[in-house]
>>> print(open('final_34.cif').read())   # mmCIF, C-alpha atoms
data_input
#
loop_
_atom_site.label_atom_id
_atom_site.label_comp_id
_atom_site.auth_asym_id
_atom_site.auth_seq_id
_atom_site.Cartn_x
_atom_site.Cartn_y
_atom_site.Cartn_z
CA MET A 1 -30.15 -19.53 65.28
CA SER A 2 -28.13 -17.17 63.17
CA ARG A 3 -29.09 -13.56 62.56
CA LEU A 4 -27.61 -11.89 59.48
CA PRO A 5 -27.89 -8.11 59.93
CA ALA A 6 -29.20 -5.90 57.13
CA GLY A 7 -26.69 -3.78 55.24
CA GLN A 8 -23.79 -6.18 55.78
CA ARG A 9 -22.45 -8.80 53.43
CA HIS A 10 -22.45 -12.38 54.60
CA ALA A 11 -20.41 -15.31 53.32
CA ILE A 12 -22.35 -17.90 51.34
CA GLN A 13 -20.97 -21.33 50.58
CA PHE A 14 -22.78 -23.48 48.08
CA SER A 15 -22.11 -25.70 45.14
CA LEU A 16 -22.69 -24.39 41.64
CA ASN A 17 -23.09 -27.03 38.96
CA GLY A 18 -21.23 -29.52 41.13
CA LYS A 19 -18.30 -27.28 42.01
CA PRO A 20 -17.83 -25.65 45.42
CA SER A 21 -18.43 -21.92 45.22
CA THR A 22 -18.42 -19.00 47.62
CA GLY A 23 -19.65 -15.44 47.54
CA GLU A 24 -20.92 -12.63 49.70
CA ALA A 25 -24.39 -11.13 49.83
CA GLU A 26 -26.55 -8.81 51.89
CA PRO A 27 -29.70 -10.53 53.23
CA ARG A 28 -31.87 -8.70 50.69
CA MET A 29 -29.88 -9.80 47.63
CA LEU A 30 -31.83 -12.04 45.26
CA LEU A 31 -30.28 -15.24 44.00
CA THR A 32 -30.56 -13.90 40.43
CA ASP A 33 -28.38 -10.87 41.21
CA PHE A 34 -26.01 -12.94 43.32
CA LEU A 35 -25.42 -15.46 40.51
CA ARG A 36 -25.03 -12.80 37.85
CA HIS A 37 -23.14 -10.02 39.65
CA GLN A 38 -21.22 -11.75 42.45
CA ILE A 39 -20.49 -15.10 40.84
CA GLY A 40 -20.47 -13.94 37.22
CA ALA A 41 -22.79 -16.73 36.04
CA THR A 42 -24.89 -14.67 33.64
CA GLY A 43 -26.66 -17.59 31.96
CA THR A 44 -29.57 -17.22 34.40
CA HIS A 45 -31.72 -14.43 33.00
CA VAL A 46 -33.78 -11.86 34.88
CA GLY A 47 -37.22 -11.05 33.54
CA CYS A 48 -40.17 -10.00 35.67
CA GLU A 49 -38.62 -10.35 39.15
CA HIS A 50 -41.87 -11.55 40.66
CA GLY A 51 -41.98 -15.18 39.69
CA VAL A 52 -44.27 -14.99 36.68
CA CYS A 53 -42.07 -15.19 33.56
CA GLY A 54 -39.83 -18.15 34.47
CA ALA A 55 -36.66 -16.79 32.82
CA CYS A 56 -34.64 -17.17 36.05
CA THR A 57 -35.64 -20.79 36.79
CA VAL A 58 -32.78 -22.81 38.34
CA GLU A 59 -32.50 -25.97 40.43
CA ILE A 60 -31.84 -25.81 44.17
CA ASP A 61 -31.11 -29.19 45.77
CA GLY A 62 -32.69 -30.86 42.76
CA LYS A 63 -35.94 -28.84 42.89
CA LEU A 64 -36.99 -26.21 40.37
CA SER A 65 -36.92 -22.72 41.83
CA ARG A 66 -37.40 -19.17 40.67
CA ALA A 67 -34.05 -17.54 41.44
CA CYS A 68 -35.82 -14.15 41.64
CA LEU A 69 -38.01 -15.47 44.48
CA THR A 70 -35.04 -16.84 46.39
CA LEU A 71 -32.62 -14.95 48.58
CA ALA A 72 -28.94 -15.61 48.08
CA VAL A 73 -28.58 -16.30 51.81
CA GLN A 74 -31.15 -19.10 51.50
CA VAL A 75 -28.88 -21.21 49.28
CA ASP A 76 -26.08 -21.34 51.86
CA GLY A 77 -25.14 -25.03 52.01
CA CYS A 78 -27.31 -25.93 49.01
CA ALA A 79 -26.54 -27.39 45.59
CA VAL A 80 -27.48 -24.92 42.84
CA ARG A 81 -27.67 -25.96 39.21
CA THR A 82 -27.93 -23.41 36.42
CA ILE A 83 -27.96 -23.37 32.62
CA GLU A 84 -24.15 -23.31 32.69
CA GLY A 85 -24.29 -26.89 33.98
CA LEU A 86 -26.35 -28.31 31.12
CA ALA A 87 -23.80 -28.78 28.33
CA PRO A 88 -21.76 -32.00 28.64
CA ALA A 89 -18.55 -30.17 27.67
CA ALA A 90 -17.48 -26.76 26.41
CA GLY A 91 -18.58 -26.34 22.80
CA ARG A 92 -20.95 -29.33 22.90
CA LEU A 93 -24.70 -29.32 23.31
CA GLY A 94 -26.71 -31.70 25.46
CA ILE A 95 -29.57 -33.70 23.89
CA LEU A 96 -32.18 -31.17 24.98
CA GLN A 97 -30.15 -28.18 23.83
CA ALA A 98 -29.47 -29.81 20.44
CA ALA A 99 -33.19 -30.53 20.03
CA PHE A 100 -33.94 -26.86 20.72
CA LYS A 101 -31.45 -25.79 18.07
CA ARG A 102 -32.76 -28.29 15.50
CA ASN A 103 -36.39 -27.28 16.04
CA HIS A 104 -35.86 -23.51 16.17
CA ALA A 105 -37.28 -23.63 19.70
CA LEU A 106 -35.67 -20.28 20.48
CA GLN A 107 -35.42 -16.96 18.75
CA CYS A 108 -34.24 -14.22 21.08
CA GLY A 109 -33.25 -16.78 23.71
CA PHE A 110 -34.24 -14.69 26.71
CA CYS A 111 -36.64 -17.28 28.15
CA THR A 112 -34.63 -20.28 26.98
CA ALA A 113 -32.32 -20.77 29.97
CA GLY A 114 -35.26 -21.11 32.34
CA ILE A 115 -37.23 -23.37 30.00
CA LEU A 116 -34.25 -25.68 29.52
CA MET A 117 -33.78 -25.96 33.28
CA SER A 118 -37.46 -26.86 33.77
CA LEU A 119 -37.44 -29.43 30.97
CA ASP A 120 -34.13 -30.95 32.04
CA ASN A 121 -35.47 -31.44 35.58
CA PHE A 122 -38.85 -32.72 34.36
CA LEU A 123 -37.47 -35.20 31.81
CA ARG A 124 -35.22 -36.74 34.43
CA GLU A 125 -38.27 -37.51 36.57
CA SER A 126 -40.72 -38.23 33.73
CA PRO A 127 -38.75 -39.82 30.90
CA ASP A 128 -41.88 -40.68 28.88
CA PRO A 129 -43.94 -37.47 29.00
CA SER A 130 -47.16 -36.74 27.14
CA GLU A 131 -47.48 -33.54 25.13
CA HIS A 132 -50.07 -32.40 27.68
CA GLU A 133 -47.55 -32.78 30.51
CA ILE A 134 -44.94 -30.80 28.59
CA ARG A 135 -47.46 -28.03 27.87
CA ASP A 136 -48.53 -28.02 31.53
CA LEU A 137 -44.90 -27.60 32.62
CA LEU A 138 -44.45 -24.77 30.10
CA THR A 139 -47.31 -22.79 31.68
CA GLY A 140 -44.62 -21.76 34.17
CA HIS A 141 -42.72 -19.91 31.43
CA LEU A 142 -43.43 -17.03 29.09
CA CYS A 143 -41.97 -17.03 25.57
CA ARG A 144 -42.97 -14.18 23.29
CA CYS A 145 -41.12 -15.37 20.16
CA THR A 146 -41.90 -18.97 19.34
CA GLY A 147 -45.57 -19.54 20.11
CA TYR A 148 -44.38 -22.60 22.11
CA THR A 149 -45.05 -25.15 19.32
CA PRO A 150 -41.36 -25.65 18.43
CA ILE A 151 -40.49 -25.82 22.14
CA VAL A 152 -43.00 -28.63 22.67
CA ARG A 153 -41.67 -30.41 19.57
CA ALA A 154 -38.07 -30.10 20.77
CA ALA A 155 -38.99 -31.41 24.23
CA MET A 156 -40.81 -34.44 22.81
CA GLU A 157 -37.91 -35.18 20.45
CA ALA A 158 -35.38 -34.89 23.26
CA ALA A 159 -37.45 -37.20 25.49
CA ALA A 160 -37.60 -39.81 22.72
CA GLU A 161 -33.86 -39.53 22.09
CA MET A 162 -33.05 -39.85 25.80
CA ALA A 163 -35.30 -42.93 26.07
CA ASP A 164 -33.53 -44.40 23.04
CA ASP A 165 -30.12 -43.77 24.64
CA ALA A 166 -31.28 -45.34 27.90
CA SER A 167 -32.50 -48.51 26.17
CA LYS A 168 -29.23 -48.76 24.20
CA GLU A 169 -27.27 -48.53 27.45
CA LYS A 170 -29.38 -51.35 28.85
CA SER A 171 -28.77 -53.62 25.83
CA ASP A 172 -25.03 -52.86 25.95
CA ALA A 173 -24.88 -54.00 29.55
CA MET B 1 -37.82 -4.46 42.03
CA LYS B 2 -35.36 -5.16 44.83
CA PRO B 3 -36.42 -5.76 48.43
CA ALA B 4 -35.78 -3.09 51.05
CA ALA B 5 -33.13 -4.01 53.63
CA PHE B 6 -33.97 -6.50 56.38
CA ASP B 7 -32.24 -8.72 58.93
CA TYR B 8 -32.39 -12.40 58.03
CA VAL B 9 -32.89 -14.89 60.84
CA ARG B 10 -32.22 -18.54 60.10
CA ALA B 11 -34.13 -20.37 62.82
CA GLU B 12 -33.05 -23.80 64.03
CA HIS B 13 -35.74 -24.25 66.72
CA LEU B 14 -39.39 -23.31 67.04
CA ASP B 15 -38.70 -21.43 70.30
CA GLU B 16 -36.43 -19.05 68.42
CA VAL B 17 -39.13 -18.30 65.85
CA LEU B 18 -41.69 -17.55 68.57
CA GLU B 19 -39.22 -15.50 70.58
CA VAL B 20 -38.30 -13.24 67.64
CA LEU B 21 -41.97 -12.93 66.60
CA GLY B 22 -42.94 -12.09 70.19
CA ARG B 23 -40.29 -9.39 70.43
CA GLU B 24 -40.60 -7.85 66.96
CA GLY B 25 -44.25 -8.59 66.13
CA GLY B 26 -45.45 -6.84 63.01
CA ASP B 27 -41.92 -5.75 62.03
CA ALA B 28 -40.99 -9.39 61.47
CA ARG B 29 -42.33 -11.73 58.78
CA ILE B 30 -42.06 -15.48 58.45
CA ILE B 31 -40.57 -16.72 55.21
CA ALA B 32 -41.18 -20.34 54.22
CA GLY B 33 -41.28 -21.11 50.49
CA GLY B 34 -41.35 -17.41 49.66
CA GLN B 35 -43.56 -17.75 46.60
CA SER B 36 -46.07 -15.18 47.86
CA LEU B 37 -43.87 -13.11 50.17
CA MET B 38 -40.90 -12.63 47.81
CA PRO B 39 -42.95 -10.86 45.09
CA MET B 40 -44.35 -8.60 47.85
CA LEU B 41 -40.79 -7.83 49.02
CA ASN B 42 -39.49 -7.31 45.48
CA MET B 43 -42.30 -4.86 44.74
CA ARG B 44 -41.86 -3.32 48.18
CA LEU B 45 -45.49 -3.91 49.04
CA ALA B 46 -44.05 -5.40 52.23
CA LYS B 47 -41.02 -3.93 54.03
CA PRO B 48 -40.40 -6.04 57.12
CA LYS B 49 -37.39 -5.23 59.31
CA THR B 50 -36.74 -8.92 59.93
CA LEU B 51 -37.34 -12.11 57.96
CA ILE B 52 -37.50 -15.38 59.91
CA ASP B 53 -36.73 -18.40 57.75
CA ILE B 54 -38.47 -21.52 59.11
CA MET B 55 -37.50 -23.98 56.40
CA ARG B 56 -34.70 -25.60 58.41
CA LEU B 57 -37.14 -26.76 61.10
CA GLY B 58 -37.80 -30.43 60.39
CA GLU B 59 -40.59 -30.50 62.99
CA LEU B 60 -42.74 -28.21 60.81
CA ALA B 61 -42.35 -30.29 57.65
CA ARG B 62 -44.82 -33.03 58.60
CA ILE B 63 -48.07 -34.30 57.15
CA GLU B 64 -50.09 -36.15 59.83
CA ARG B 65 -53.35 -38.05 59.48
CA LYS B 66 -55.10 -38.44 62.81
CA GLY B 67 -58.70 -38.64 63.99
CA GLY B 68 -60.28 -37.82 60.65
CA ASN B 69 -58.02 -34.82 60.06
CA VAL B 70 -55.00 -34.22 57.88
CA THR B 71 -52.66 -31.75 59.56
CA ILE B 72 -50.06 -30.07 57.39
CA GLY B 73 -47.14 -28.32 59.02
CA ALA B 74 -45.85 -24.88 58.06
CA GLY B 75 -42.82 -26.34 56.30
CA VAL B 76 -44.71 -28.65 53.93
CA ARG B 77 -44.27 -27.61 50.33
CA GLN B 78 -47.15 -27.75 47.85
CA ALA B 79 -45.28 -30.26 45.67
CA THR B 80 -44.75 -32.50 48.73
CA LEU B 81 -48.47 -32.61 49.47
CA LEU B 82 -49.26 -33.20 45.79
CA ALA B 83 -46.90 -36.20 45.83
CA TRP B 84 -48.26 -37.56 49.14
CA PRO B 85 -49.54 -41.08 48.30
CA GLU B 86 -52.67 -40.72 50.49
CA LEU B 87 -53.74 -37.37 49.03
CA GLY B 88 -56.30 -38.60 46.49
CA GLU B 89 -58.10 -40.73 49.05
CA ALA B 90 -57.77 -38.45 52.11
CA LEU B 91 -58.18 -35.03 50.52
CA PRO B 92 -59.66 -35.47 47.04
CA LEU B 93 -60.60 -31.79 46.82
CA ALA B 94 -57.01 -30.70 47.51
CA ALA B 95 -55.83 -33.24 44.95
CA MET B 96 -58.04 -31.53 42.35
CA ALA B 97 -57.12 -27.97 43.30
CA LEU B 98 -53.36 -28.26 43.89
CA PRO B 99 -52.41 -28.65 40.21
CA TRP B 100 -54.03 -25.21 39.74
CA THR B 101 -51.93 -23.65 42.52
CA GLY B 102 -49.13 -21.82 40.76
CA HIS B 103 -46.87 -23.79 38.44
CA ALA B 104 -44.62 -26.82 38.95
CA GLN B 105 -41.75 -24.32 39.27
CA THR B 106 -43.43 -22.52 42.21
CA ARG B 107 -45.14 -25.51 43.88
CA SER B 108 -41.67 -27.01 44.36
CA ARG B 109 -40.90 -24.20 46.86
CA GLY B 110 -44.24 -22.72 47.93
CA THR B 111 -45.86 -24.09 51.10
CA ILE B 112 -49.47 -24.91 51.96
CA CYS B 113 -49.47 -22.74 55.08
CA GLY B 114 -47.74 -19.90 53.24
CA SER B 115 -50.58 -19.67 50.76
CA ILE B 116 -53.10 -19.70 53.61
CA ALA B 117 -51.12 -16.97 55.45
CA HIS B 118 -50.97 -14.80 52.31
CA ALA B 119 -54.78 -15.01 51.99
CA ASP B 120 -55.03 -13.99 48.37
CA PRO B 121 -58.77 -13.98 47.57
CA SER B 122 -58.22 -15.87 44.32
CA ALA B 123 -55.82 -18.51 45.65
CA GLU B 124 -56.94 -22.15 45.64
CA LEU B 125 -55.70 -23.36 49.04
CA PRO B 126 -57.69 -20.86 51.16
CA LEU B 127 -60.71 -21.84 49.05
CA VAL B 128 -60.21 -25.55 49.74
CA LEU B 129 -59.67 -24.89 53.45
CA CYS B 130 -62.95 -22.94 53.61
CA ALA B 131 -64.88 -25.45 51.49
CA LEU B 132 -63.86 -28.32 53.77
CA GLY B 133 -64.27 -26.33 56.98
CA GLY B 134 -60.63 -26.73 58.02
CA GLU B 135 -58.74 -25.02 60.82
CA VAL B 136 -55.64 -22.88 61.21
CA HIS B 137 -53.33 -23.71 64.13
CA LEU B 138 -51.73 -20.56 65.52
CA ARG B 139 -49.14 -20.29 68.21
CA ASN B 140 -47.21 -17.57 70.02
CA SER B 141 -44.61 -18.00 72.75
CA LYS B 142 -47.33 -18.42 75.41
CA LEU B 143 -50.32 -20.16 73.90
CA ARG B 144 -51.81 -22.05 71.01
CA ARG B 145 -55.18 -21.49 69.42
CA CYS B 146 -57.17 -23.07 66.65
CA VAL B 147 -59.21 -20.88 64.33
CA PRO B 148 -61.87 -22.18 61.91
CA ALA B 149 -61.09 -21.21 58.30
CA GLN B 150 -64.15 -18.95 58.06
CA ASP B 151 -62.96 -16.89 61.03
CA PHE B 152 -59.35 -16.80 59.88
CA PHE B 153 -59.78 -14.90 56.62
CA ALA B 154 -60.70 -11.29 57.25
CA GLY B 155 -60.51 -9.65 53.84
CA MET B 156 -58.19 -8.99 50.91
CA MET B 157 -54.86 -10.50 52.05
CA ALA B 158 -55.95 -9.97 55.64
CA THR B 159 -56.32 -12.55 58.38
CA THR B 160 -57.06 -12.64 62.10
CA ARG B 161 -53.54 -13.87 62.91
CA ALA B 162 -51.94 -11.67 65.59
CA ASP B 163 -48.52 -10.16 64.82
CA ASP B 164 -46.75 -12.43 67.32
CA GLU B 165 -48.37 -15.63 66.03
CA LEU B 166 -46.94 -18.29 63.77
CA ILE B 167 -49.18 -20.49 61.64
CA GLU B 168 -47.83 -23.77 62.92
CA ALA B 169 -50.08 -25.95 60.76
CA VAL B 170 -53.41 -26.13 59.00
CA SER B 171 -55.77 -29.06 59.24
CA PHE B 172 -58.29 -30.31 56.72
CA PRO B 173 -61.05 -32.76 57.59
CA ALA B 174 -60.23 -35.94 55.66
CA ASP B 175 -63.25 -36.12 53.48
CA GLN B 176 -64.31 -39.02 51.31
CA SER B 177 -67.63 -37.50 50.35
CA ARG B 178 -68.18 -36.34 46.80
CA CYS B 179 -66.51 -33.10 45.83
CA ALA B 180 -65.63 -31.16 42.69
CA PHE B 181 -63.42 -28.24 41.72
CA ARG B 182 -63.20 -26.00 38.68
CA GLU B 183 -61.33 -22.83 37.87
CA VAL B 184 -61.23 -20.25 35.11
CA ALA B 185 -57.95 -18.32 34.74
CA ARG B 186 -56.17 -16.51 31.93
CA ARG B 187 -53.41 -19.11 31.92
CA HIS B 188 -53.36 -22.43 33.80
CA GLY B 189 -51.58 -21.71 37.08
CA ASP B 190 -52.40 -18.01 37.18
CA PHE B 191 -54.65 -16.60 39.85
CA ALA B 192 -58.29 -17.53 39.37
CA ILE B 193 -60.82 -15.23 37.75
CA VAL B 194 -63.33 -17.56 39.40
CA ALA B 195 -62.64 -20.81 41.24
CA CYS B 196 -65.41 -22.97 42.69
CA ALA B 197 -65.26 -25.93 45.03
CA VAL B 198 -68.29 -28.03 45.90
CA VAL B 199 -68.57 -30.61 48.67
CA ALA B 200 -71.60 -32.86 49.17
CA THR B 201 -73.11 -32.54 52.65
CA ARG B 202 -75.78 -34.62 54.40
CA ASP B 203 -78.66 -32.45 53.19
CA GLY B 204 -77.27 -30.89 50.05
CA VAL B 205 -74.05 -29.21 49.00
CA ARG B 206 -71.60 -26.61 50.20
CA LEU B 207 -70.29 -24.23 47.52
CA ALA B 208 -67.14 -22.18 48.05
CA VAL B 209 -66.19 -19.43 45.60
CA GLY B 210 -62.80 -17.77 45.22
CA GLY B 211 -61.61 -14.92 43.02
CA VAL B 212 -64.79 -12.84 43.34
CA ALA B 213 -65.15 -11.41 46.87
CA ASP B 214 -62.31 -10.24 49.16
CA MET B 215 -61.96 -13.77 50.54
CA PRO B 216 -63.33 -17.25 49.83
CA MET B 217 -67.09 -17.27 50.37
CA VAL B 218 -69.03 -20.35 51.40
CA ARG B 219 -72.74 -21.09 51.15
CA GLU B 220 -74.73 -24.21 52.02
CA PHE B 221 -77.46 -25.20 49.58
CA PRO B 222 -80.21 -27.72 50.35
CA ARG B 223 -81.36 -30.16 47.67
CA LEU B 224 -83.40 -27.99 45.29
CA GLU B 225 -85.18 -28.34 41.97
CA SER B 226 -83.15 -26.88 39.14
CA SER B 227 -85.17 -23.65 38.79
CA ALA B 228 -85.05 -22.96 42.53
CA LEU B 229 -81.36 -23.83 42.54
CA GLY B 230 -80.76 -21.38 39.68
CA ASP B 231 -82.45 -18.63 41.69
CA ALA B 232 -80.47 -19.46 44.83
CA LEU B 233 -77.19 -19.45 42.88
CA ASN B 234 -78.09 -16.15 41.27
CA THR B 235 -78.75 -14.57 44.66
CA PHE B 236 -75.43 -15.91 45.95
CA ALA B 237 -73.59 -14.64 42.85
CA TYR B 238 -74.94 -11.11 43.46
CA GLU B 239 -74.15 -11.23 47.17
CA LEU B 240 -70.48 -11.87 46.35
CA ASP B 241 -70.28 -8.23 45.33
CA ALA B 242 -68.13 -8.86 42.25
CA ARG B 243 -66.12 -5.99 40.82
CA ASP B 244 -64.77 -5.17 37.37
CA ASP B 245 -61.02 -5.41 36.91
CA VAL B 246 -58.56 -5.81 34.03
CA HIS B 247 -59.11 -9.57 33.92
CA ALA B 248 -62.90 -9.78 33.89
CA SER B 249 -66.08 -7.82 34.43
CA ALA B 250 -68.28 -8.30 37.48
CA ARG B 251 -71.02 -9.60 35.20
CA TYR B 252 -68.73 -12.26 33.69
CA ARG B 253 -67.71 -13.36 37.18
CA ARG B 254 -71.34 -13.71 38.27
CA ASP B 255 -72.03 -15.69 35.12
CA LEU B 256 -69.17 -18.07 35.91
CA VAL B 257 -70.38 -18.54 39.49
CA ARG B 258 -73.87 -19.46 38.23
CA LEU B 259 -72.64 -21.76 35.46
CA ILE B 260 -69.77 -23.52 37.25
CA GLY B 261 -71.69 -23.65 40.52
CA ALA B 262 -74.64 -25.43 38.86
CA ASP B 263 -72.35 -27.78 36.90
CA LEU B 264 -70.39 -28.84 39.97
CA MET B 265 -73.52 -29.31 42.04
CA ARG B 266 -74.90 -31.67 39.39
CA GLU B 267 -71.58 -33.55 39.47
CA VAL B 268 -71.64 -34.22 43.22
CA MET B 269 -75.43 -34.53 43.60
CA PRO B 270 -76.64 -36.55 40.61
#
>>> encode(input="final_34.cif", output="structure tokens")
Amino acid sequence: MSRLPAGQRHAIQFSLNGKPSTGEAEPRMLLTDFLRHQIGATGTHVGCEHGVCGACTVEIDGKLSRACLTLAVQVDGCAVRTIEGLAPAAGRLGILQAAFKRNHALQCGFCTAGILMSLDNFLRESPDPSEHEIRDLLTGHLCRCTGYTPIVRAAMEAAAEMADDASKEKSDA
Amino acid sequence: MKPAAFDYVRAEHLDEVLEVLGREGGDARIIAGGQSLMPMLNMRLAKPKTLIDIMRLGELARIERKGGNVTIGAGVRQATLLAWPELGEALPLAAMALPWTGHAQTRSRGTICGSIAHADPSAELPLVLCALGGEVHLRNSKLRRCVPAQDFFAGMMATTRADDELIEAVSFPADQSRCAFREVARRHGDFAIVACAVVATRDGVRLAVGGVADMPMVREFPRLESSALGDALNTFAYELDARDDVHASARYRRDLVRLIGADLMREVMP
């Protein structure tokens, strides 16, 4: 058992987008604030801070998580993936990100980081989704700009493109 | 919107959890998936002095099917139960209600027992536990006890758990009889304005209603003609003592109880 006293900072070791990372946090520090203020990874946005809006959605050990409902000390030893890990290289967009751009699936972009994390995780597990499944997943996010229609379109396009890529890889092999 | 300061205890063994709970009682809170507790901490509706994290205890993360019961440990996440291959056959009512519990992004962390412990009157899992007549397994450092669902919930976010007790598991009777579930909410995954669960019994049906009273309410109905059934449902709807709030009026809630209740009863009792 380890007891981390209140009011003191404790070392946290974790991996961020595949790279080892360390920081310090008091027990009460939220993962959102830890990522943004201690680590400097400001791609994860902070909206409602009670788990409703979905802007802060990240992956912890491969599972979607609200960073605002997670304590920094809880990710000690875990693999955290954030929006900064989505692009294949600096200055290049992934398939999902490019589909968002093409379809005007974002305007102000505040909710986008969380939505991309959810869709990226979901499309890996469900490569051939129905529109209903995409809409069901999106109930976990609030977007006040787009009306969701372009987001759904972008997600469906990205899924089709990823499936296409996967079948090409198979025929190449 | 930041939690007040607390000590964080990362437990490795059950004994440690019970020891800290026994010593600190009401000043300590268990954190599992955190999907109910963290909003309470962020809004400072709860200010515990100590948080005890139980998610590293493998022994609590089990789903066991034994003697007609499905027992779900305190570490089992909602997404894990939803993906359990036997769910549809063993607990069809839970299979229907779980997709309404939060969103994919919260079910991936939130636990079954955590939702029961939180005892939100509009949450689906307490409703399912009451509808099926399940039990809550409590334990302190000295003894264990088993409390029927109906005696566990005591009011709005209130339960009969003592301060030094851990919810070790909850158990649901594995039930193959006919059942049905329906919910009305502002947005799929939000808390229910009204949620109803119906289970066929030997002589009729059992109806459980969430989102209206301070806790899930259960009533047994015998087989009745439709006009008599309408009257009985109306009486039940009024007894739930619905209140107006920003989401819906009391009258609308009663209407939903009558309509959904009758619909679901027809579904399970053709």
>>> resolve_selection(input="final_34.cif", expression="the PyMOL selection byres ((chain B) within 7 of (chain A))", output="ChimeraX atom specification")
/B:1,3-12,34-35,38-39,42,103-106,108-109,188-189
>>> atom_distance(input="final_34.cif", atom1="atom CA of Asp263 of chain B", atom2="atom CA of Glu89 of chain B")
22.8 Å
>>> resolve_selection(input="final_34.cif", expression="the PyMOL selection byres ((chain B and resi 253) around 10)", output="list in words")
Val184, Ile193, Val194, Ala195, Gly211, Val212, Ala237, Tyr238, Leu240, Asp241, Ala242, Arg243, Asp244, His247, Ala248, Ser249, Ala250, Arg251, Tyr252, Arg254, Asp255, Leu256, Val257, Arg258 and Leu259 of chain B
>>> residues_near_point(input="final_34.cif", point="(-41.7, -16.0, 29.2)", cutoff="8 Å", atoms="all atoms listed in the file", output="PDB file with C-alpha atoms, keeping the file's coordinate frame")
ATOM      1  CA  GLY A  47     -37.220 -11.050  33.540  1.00  0.00           C
ATOM      2  CA  VAL A  52     -44.270 -14.990  36.680  1.00  0.00           C
ATOM      3  CA  CYS A  53     -42.070 -15.190  33.560  1.00  0.00           C
ATOM      4  CA  GLY A  54     -39.830 -18.150  34.470  1.00  0.00           C
ATOM      5  CA  ALA A  55     -36.660 -16.790  32.820  1.00  0.00           C
ATOM      6  CA  PHE A 110     -34.240 -14.690  26.710  1.00  0.00           C
ATOM      7  CA  CYS A 111     -36.640 -17.280  28.150  1.00  0.00           C
ATOM      8  CA  HIS A 141     -42.720 -19.910  31.430  1.00  0.00           C
ATOM      9  CA  LEU A 142     -43.430 -17.030  29.090  1.00  0.00           C
ATOM     10  CA  CYS A 143     -41.970 -17.030  25.570  1.00  0.00           C
ATOM     11  CA  ARG A 144     -42.970 -14.180  23.290  1.00  0.00           C
TER      12      ARG A 144
END
>>> closest_residue(input="final_34.cif", among="B:Leu132, B:Ile112, B:Leu60, B:Ile54", to="Ala174 of chain B", atoms="all atoms listed in the file")
B:Leu132
>>> closest_residue(input="final_34.cif", among="B:Thr101, B:Thr235, B:Asn140, B:Asn69", to="Ala123 of chain B", atoms="all atoms listed in the file")
B:Thr101
>>> decode(input="final_34.cif", residues="segment 167-179 of chain B", atoms="N, CA and C atoms", output="mmCIF file, in the first residue's frame")
data_model
loop_
_atom_site.group_PDB
_atom_site.id
_atom_site.type_symbol
_atom_site.label_atom_id
_atom_site.label_comp_id
_atom_site.auth_asym_id
_atom_site.auth_seq_id
_atom_site.Cartn_x
_atom_site.Cartn_y
_atom_site.Cartn_z
ATOM 1 N N ILE B 167 -18.299 -2.014 -0.374
ATOM 2 C CA ILE B 167 -19.139 -2.877 -1.221
ATOM 3 C C ILE B 167 -18.157 -3.776 -1.961
ATOM 4 N N GLU B 168 -18.145 -5.043 -1.541
ATOM 5 C CA GLU B 168 -17.194 -5.984 -2.109
ATOM 6 C C GLU B 168 -17.693 -6.475 -3.466
ATOM 7 N N ALA B 169 -19.000 -6.636 -3.571
ATOM 8 C CA ALA B 169 -19.605 -7.144 -4.813
ATOM 9 C C ALA B 169 -21.104 -6.890 -4.774
ATOM 10 N N VAL B 170 -21.736 -7.014 -5.925
ATOM 11 C CA VAL B 170 -23.199 -7.074 -5.970
ATOM 12 C C VAL B 170 -23.564 -8.354 -6.708
ATOM 13 N N SER B 171 -24.715 -8.937 -6.336
ATOM 14 C CA SER B 171 -25.116 -10.123 -7.086
ATOM 15 C C SER B 171 -26.522 -9.963 -7.628
ATOM 16 N N PHE B 172 -26.678 -10.431 -8.857
ATOM 17 C CA PHE B 172 -27.962 -10.383 -9.553
ATOM 18 C C PHE B 172 -28.418 -11.818 -9.764
ATOM 19 N N PRO B 173 -29.703 -12.109 -9.489
ATOM 20 C CA PRO B 173 -30.189 -13.447 -9.835
ATOM 21 C C PRO B 173 -30.129 -13.599 -11.357
ATOM 22 N N ALA B 174 -29.479 -14.661 -11.830
ATOM 23 C CA ALA B 174 -29.458 -14.911 -13.267
ATOM 24 C C ALA B 174 -30.890 -15.235 -13.645
ATOM 25 N N ASP B 175 -31.415 -14.518 -14.569
ATOM 26 C CA ASP B 175 -32.840 -14.573 -14.805
ATOM 27 C C ASP B 175 -33.125 -14.741 -16.279
ATOM 28 N N GLN B 176 -33.697 -15.883 -16.645
ATOM 29 C CA GLN B 176 -34.013 -16.077 -18.056
ATOM 30 C C GLN B 176 -35.462 -15.721 -18.374
ATOM 31 N N SER B 177 -36.209 -15.306 -17.352
ATOM 32 C CA SER B 177 -37.614 -15.002 -17.617
ATOM 33 C C SER B 177 -37.706 -13.735 -18.460
ATOM 34 N N ARG B 178 -38.874 -13.466 -18.952
ATOM 35 C CA ARG B 178 -39.036 -12.324 -19.855
ATOM 36 C C ARG B 178 -38.849 -11.012 -19.084
ATOM 37 N N CYS B 179 -38.186 -10.083 -19.726
ATOM 38 C CA CYS B 179 -37.978 -8.788 -19.097
ATOM 39 C C CYS B 179 -37.906 -7.709 -20.176
#
